[in-house]
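Notes for the one structure printed next.
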Amino acid sequence: MPPASEGQEILQISIPVVVLLIILFYGGTLLISYFISRKKENADDYMTAGNKIGFGVSAASMTATWIWASSMYASAEAGYNYGVSGPIHYGFWGALMILFIYPFGKRIRKVAPRAHTLAEVMYARHGRSSQLMLAGSNVLGSTISLTSNFIAGGALFAILTPLNFGTGIVVVAAGVLLYTLWSGFRASVLTDFVQVMAMLGATAIIIPVVFFAAGGPDMFEAGVAAGNVTPEQQSFFSSEAFMNQGAPYIAAVLAYAIGNQTIAQRLFAVREDLIKPTFVTATIGYGATIIGIGMFGVIALYVGIDPLNGDLNSLIPQMAGTYLGPILLCLAFIMIIGSLSSTADSDLSALSSIVMADVYGQGKGRGKANPRTMLTVGRVTMIVATAAALYFATAQFSILDLLVFVGAMWGCLVFPVISSFYWKKVTNAAFSVSVVAALFVFLPVRFEWIPVDGILGYGVEILSIIGIGVILGIMGFGFFGMKPALIIATVGMVAVLPFSFNYLSDYPVLSASLVAYAVSFLVCYFMSFRSKQDFDYSVIKKITGDFDTEEDEAQLERTNVGNAATDKQGE
Amino acid sequence: MTVGLTIYILMWPVLVATVMFAIARGFFKEWLKARREGRMII
């Protein structure tokens with residue numbers, strides 16, 4: 001048991017037990033993947049499982065994908081930094097965004113019922129440049145997500161086992177790649193069920209155990225008396241927590257749900273009439289789990305625990321190692337391995353689908369793309385992506401910073417993508433120019449490359465306020481339609497005006513996200529509103545169909561029926 | 001404050017367990033149906 005920080009000792013899992021747990025976990029998922037594997041996989045099923053998965057699998061998969069180890073770590077970090085309201089400002093908004101994306105999801109599925117990626121739909125709607133922009137941002141986002149999950153795995157191994165960070169990232173990468181490589185998305189969603197059961201079960205048990213082991217209800221008064229908690233951290237209405245954590249996250253996560261191919265992939269995979277229950281269940285499941293895990297950070301704050309080596313990414317493994325006994329520690333280990341693996345396999349499936357559908361499939365042209373070659377392309381993509389993420393993981397970036405950066409970058413895409421599904425006038429040029437312009441303004445504001453004061457400061461603040469209106473308007477539009485959306489956006493902008501001016505530019509993460517929304521909206525709107533284009537949405541359905549031919553499907557069906565009959569005889 | 005914060009911390013595991021039950025119920029229903037029809041669940 002190595003010492004953690006002064007006065008603490010962290011329990012570790014011995015190497016033979018770690019090996020056993022890894023074999024059980026990845027061996028189990030590999031076995032599931034083996035049972036559903038086919039000698040000849042179908043390229044469309046490899047990407048979307050035939051667009052007809054049921055509620056149990058889809059809700060499990062959507063929940064498992066949205067809950068990732070990084071979000072657990074980040075929620076605990078928010079709880080530790082901002083106190084009782086921190087996990088809410090991470091988990092609640094993240095959960096709500098799944099719900100906010102639901103009406104758009106229904107629309108996307110209606111115009112493109114058998115698509116594989118959002119970028120593919122943008123190809124049908126606009127053309128190659130818009131498709132490649134969305135695909136490029138998806139690849140970047142999924143690679144960063146994969147990297148951050150490997151980092152989470154490395155941190156877990158480094159703290160809870162005698163093995164080091166490097167061993168952790170290699171074990172996790174190899175385990176995930178092994179069971180996802182052959183069957184792709186089908187393996188990813190089915191193993192998600194087992195992973196989500198492990199995650200949710202462990203979460204339900206571990207939170208109360210850690211709470212009572214750390215002192216139970218008495219910890220609150222003791223923590224305040226010891227001076228571990230500031231008045232701001234005790235407040236549920238902390239403006240510090242809202243401005244630094246909640247608000248940038250609202251902006252970022254709306255973009256996440258639109259820009260993240262893992263979500264789009266599940267949207268295209270679930271049976272169309274089950275989209276709503278799937279999204280609602282995932283919303284509640286994600287919110288409860290992530291806010292609940294964030295309580296580790298709140299408990300650590302009240303108890304006065306110092307993160308190991310000052311690294312907040314270590315907080316969850318550190319709390320588990322400090323307060324759990326050997327069996328529950330193993331459960332916590334499986335919980336975190338489950339959460340990071342379920343998202344990592346989704347990222348691999350997403351990346352392979354993008355390269356299969358958007359680079360190879362649409363590049364060759366529908367009808368000319370060979371589904372066999374597509375599968376090879378998908379599998380090679382998974383191997384290359386794993387290698388790249390392993391390389392990036394060695395840099396050990398801050399997980400929270402990575403998440404907020406990617407989310408904000410996707411903010412450049414939200415308005416152009418959503419408006420393209422509703423407004424016939426949006427052109428390819430408007431889409432492409434608005435995204436590039438938004439990125440061009442976003443980067444210097446986010447990284448403070450230019451001094452944001454004087455006239456420039458006012459400009460950033462005006463754009464930020466417009467950005468608030470755009471976000472509110474998009475959300476309002478999804479649920480209530482155009483007129484209420486315009487009212488919500490206008491009222492929102494007017495309401496924040498007195499508080500925001502001379503204030504927002506002090507928060508570069510938030511204002512950069514808002515500026516991205518505002519610029520993409522302004523450019524896209526003004527380049528489109530006089531356009532003569534009258535797009536026919538029925539075209540999208542024709543362009544984004546299956547890659548496998550009917551003959552392939554029939555042959556596959558015969559093989560599967562034969563396999564099922566053989567399985568039944570064997571029972 | 002103490003009671004409120006205790007409830008605040010312990011309400012999440014209860015919600016998590018409820019969602020877990022709903023998902024598991026849905027999954028096993030589909031699994032049994034697929035089994036009866038002689039096809040894979042996915």
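FYI, nothing fancy with the structure tokens labels: chains A, B, ... in order, residues from 1 per chain, ligands from 1 as they appear.
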Show me, as a list in words, the residues that have an atom within 9 Å of Leu30 of chain A when counting only C-alpha atoms, minus same-chain residues fewer than 2 positions from it.
Phe25, Tyr26, Gly27, Gly28, Ile32, Ser33, Tyr34, Phe35, Gly175, Val176, Leu178, Tyr179, Thr180, Ala187 and Thr191 of chain A
Interface list for chain A, partner chain B, 7 Å threshold, only C-alpha atoms, as a list in words:
Ala49, Ile53, Gly54, Phe55, Gly56, Val57, Ala59, Ala60, Arg186, Met197, Leu200, Gly201, Thr203, Ala204, Ile207, Pro208, Pro217, Phe220, Thr281, Gly285, Ala288, Thr289, Gly292, Met295 and Ala564 of chain A
Go ahead and write the selection's residues with C-alpha atoms as a PDB file, in the first residue's frame.
```pdb
ATOM      1  CA  ALA A  49     -26.548  -2.632 -37.334  1.00  0.00           C
ATOM      2  CA  ILE A  53     -32.018  -2.088 -32.871  1.00  0.00           C
ATOM      3  CA  GLY A  54     -34.488  -2.245 -29.968  1.00  0.00           C
ATOM      4  CA  PHE A  55     -34.939  -0.152 -26.823  1.00  0.00           C
ATOM      5  CA  GLY A  56     -32.891  -2.252 -24.382  1.00  0.00           C
ATOM      6  CA  VAL A  57     -29.783  -2.363 -26.542  1.00  0.00           C
ATOM      7  CA  ALA A  59     -30.782   2.781 -24.418  1.00  0.00           C
ATOM      8  CA  ALA A  60     -27.908   0.819 -22.891  1.00  0.00           C
ATOM      9  CA  ARG A 186     -22.688  -4.497 -33.629  1.00  0.00           C
ATOM     10  CA  MET A 197     -24.897  -2.860 -16.238  1.00  0.00           C
ATOM     11  CA  LEU A 200     -24.540   1.518 -13.162  1.00  0.00           C
ATOM     12  CA  GLY A 201     -24.465  -1.353 -10.680  1.00  0.00           C
ATOM     13  CA  THR A 203     -22.129   3.361  -9.173  1.00  0.00           C
ATOM     14  CA  ALA A 204     -25.270   2.536  -7.176  1.00  0.00           C
ATOM     15  CA  ILE A 207     -21.315   6.117  -3.847  1.00  0.00           C
ATOM     16  CA  PRO A 208     -23.089   5.381  -0.521  1.00  0.00           C
ATOM     17  CA  PRO A 217     -23.329  13.260   7.308  1.00  0.00           C
ATOM     18  CA  PHE A 220     -20.225  18.458   6.185  1.00  0.00           C
ATOM     19  CA  THR A 281     -33.568   6.942 -20.644  1.00  0.00           C
ATOM     20  CA  GLY A 285     -29.081   7.475 -16.785  1.00  0.00           C
ATOM     21  CA  ALA A 288     -27.726  10.399 -12.359  1.00  0.00           C
ATOM     22  CA  THR A 289     -24.495   8.487 -12.903  1.00  0.00           C
ATOM     23  CA  GLY A 292     -23.462  10.840  -8.571  1.00  0.00           C
ATOM     24  CA  MET A 295     -20.013  13.467  -5.409  1.00  0.00           C
ATOM     25  CA  ALA A 564     -29.235 -19.732 -36.033  1.00  0.00           C
TER      26      ALA A 564
END
```
Report the distance between atom CA of Ile101 of chain A and atom CA of Phe431 of chain A in Å, rounded to one decimal place.
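Here the two named atoms are 20.0 Å from each other.
Atom CA of Ser511 of chain A is positioned 24.7 Å from atom CA of Val139 of chain A.
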Which residues are close to Leu348 of chain A, i.e. within 9 Å by only C-alpha atoms, leaving aside same-chain residues fewer than 2 positions away? Reply as a list of chain:residue names.
A:Ser142, A:Thr143, A:Leu146, A:Val176, A:Leu177, A:Thr180, A:Leu181, A:Gly184, A:Phe185, A:Ser188, A:Thr343, A:Ala344, A:Asp345, A:Ser346, A:Ala350, A:Leu351, A:Ser352, A:Ser353, A:Thr381, A:Met382, A:Ile383, A:Ala385, A:Thr386
Write to file, as a short mmCIF file (atom, residue, chain, number, x, y, z; two decimals), in the first residue's frame, the residues of the selection just made, with N, CA and C atoms.
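Result file is part38.cif:
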```
data_model
loop_
_atom_site.label_atom_id
_atom_site.label_comp_id
_atom_site.auth_asym_id
_atom_site.auth_seq_id
_atom_site.Cartn_x
_atom_site.Cartn_y
_atom_site.Cartn_z
N SER A 142 -13.37 12.35 -32.24
CA SER A 142 -13.34 10.95 -31.80
C SER A 142 -11.91 10.54 -31.40
N THR A 143 -10.91 11.08 -32.09
CA THR A 143 -9.53 10.74 -31.72
C THR A 143 -9.20 11.32 -30.35
N LEU A 146 -11.02 9.22 -27.82
CA LEU A 146 -10.31 7.95 -27.63
C LEU A 146 -9.07 8.16 -26.76
N VAL A 176 -9.89 -3.12 -25.99
CA VAL A 176 -11.02 -2.54 -26.75
C VAL A 176 -10.92 -2.90 -28.24
N LEU A 177 -9.72 -2.79 -28.77
CA LEU A 177 -9.52 -3.07 -30.20
C LEU A 177 -9.88 -4.53 -30.52
N THR A 180 -13.70 -5.12 -30.74
CA THR A 180 -14.46 -4.27 -31.66
C THR A 180 -14.08 -4.52 -33.12
N LEU A 181 -12.86 -5.01 -33.33
CA LEU A 181 -12.28 -5.05 -34.68
C LEU A 181 -13.14 -5.83 -35.68
N GLY A 184 -17.36 -4.55 -35.46
CA GLY A 184 -17.60 -3.10 -35.47
C GLY A 184 -18.73 -2.66 -34.56
N PHE A 185 -19.67 -1.90 -35.13
CA PHE A 185 -20.74 -1.28 -34.35
C PHE A 185 -21.61 -2.32 -33.63
N SER A 188 -19.88 -3.25 -30.62
CA SER A 188 -19.84 -2.08 -29.74
C SER A 188 -21.14 -1.93 -28.96
N THR A 343 -17.00 3.78 -24.30
CA THR A 343 -16.87 4.97 -25.15
C THR A 343 -15.75 4.78 -26.16
N ALA A 344 -14.68 4.12 -25.72
CA ALA A 344 -13.56 3.91 -26.66
C ALA A 344 -14.00 3.03 -27.83
N ASP A 345 -14.81 1.99 -27.55
CA ASP A 345 -15.23 1.14 -28.68
C ASP A 345 -16.19 1.92 -29.60
N SER A 346 -16.99 2.81 -28.99
CA SER A 346 -17.88 3.65 -29.83
C SER A 346 -17.05 4.59 -30.70
N ALA A 350 -17.10 4.74 -34.62
CA ALA A 350 -17.41 6.01 -35.29
C ALA A 350 -16.33 6.36 -36.31
N LEU A 351 -15.08 6.23 -35.89
CA LEU A 351 -13.98 6.57 -36.79
C LEU A 351 -13.99 5.66 -38.02
N SER A 352 -14.23 4.37 -37.79
CA SER A 352 -14.23 3.45 -38.94
C SER A 352 -15.39 3.78 -39.88
N SER A 353 -16.56 4.12 -39.31
CA SER A 353 -17.71 4.46 -40.16
C SER A 353 -17.43 5.70 -41.01
N THR A 381 -8.74 1.25 -40.24
CA THR A 381 -8.94 2.54 -39.55
C THR A 381 -8.88 2.37 -38.05
N MET A 382 -9.54 1.32 -37.56
CA MET A 382 -9.55 1.08 -36.10
C MET A 382 -8.12 0.89 -35.58
N ILE A 383 -7.33 0.14 -36.32
CA ILE A 383 -5.95 -0.13 -35.86
C ILE A 383 -5.13 1.16 -35.86
N ALA A 385 -6.26 4.26 -35.73
CA ALA A 385 -6.78 5.20 -34.73
C ALA A 385 -6.30 4.82 -33.33
N THR A 386 -6.27 3.53 -33.04
CA THR A 386 -5.80 3.08 -31.73
C THR A 386 -4.33 3.47 -31.54
#
```
Which residues are close to Val496 of chain A, i.e. within 12 Å by only C-alpha atoms, leaving aside same-chain residues fewer than 4 positions away? Reply as a PyMOL selection string.
chain A and resi 461-462+464-469+472+489-492+500-504
Please, what distance in Å, to one decimal, runs between atom CA of Gln131 of chain A and atom CA of Ala119 of chain A?
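Interatomic distance, atom CA of Gln131 of chain A to atom CA of Ala119 of chain A: 4.6 Å.
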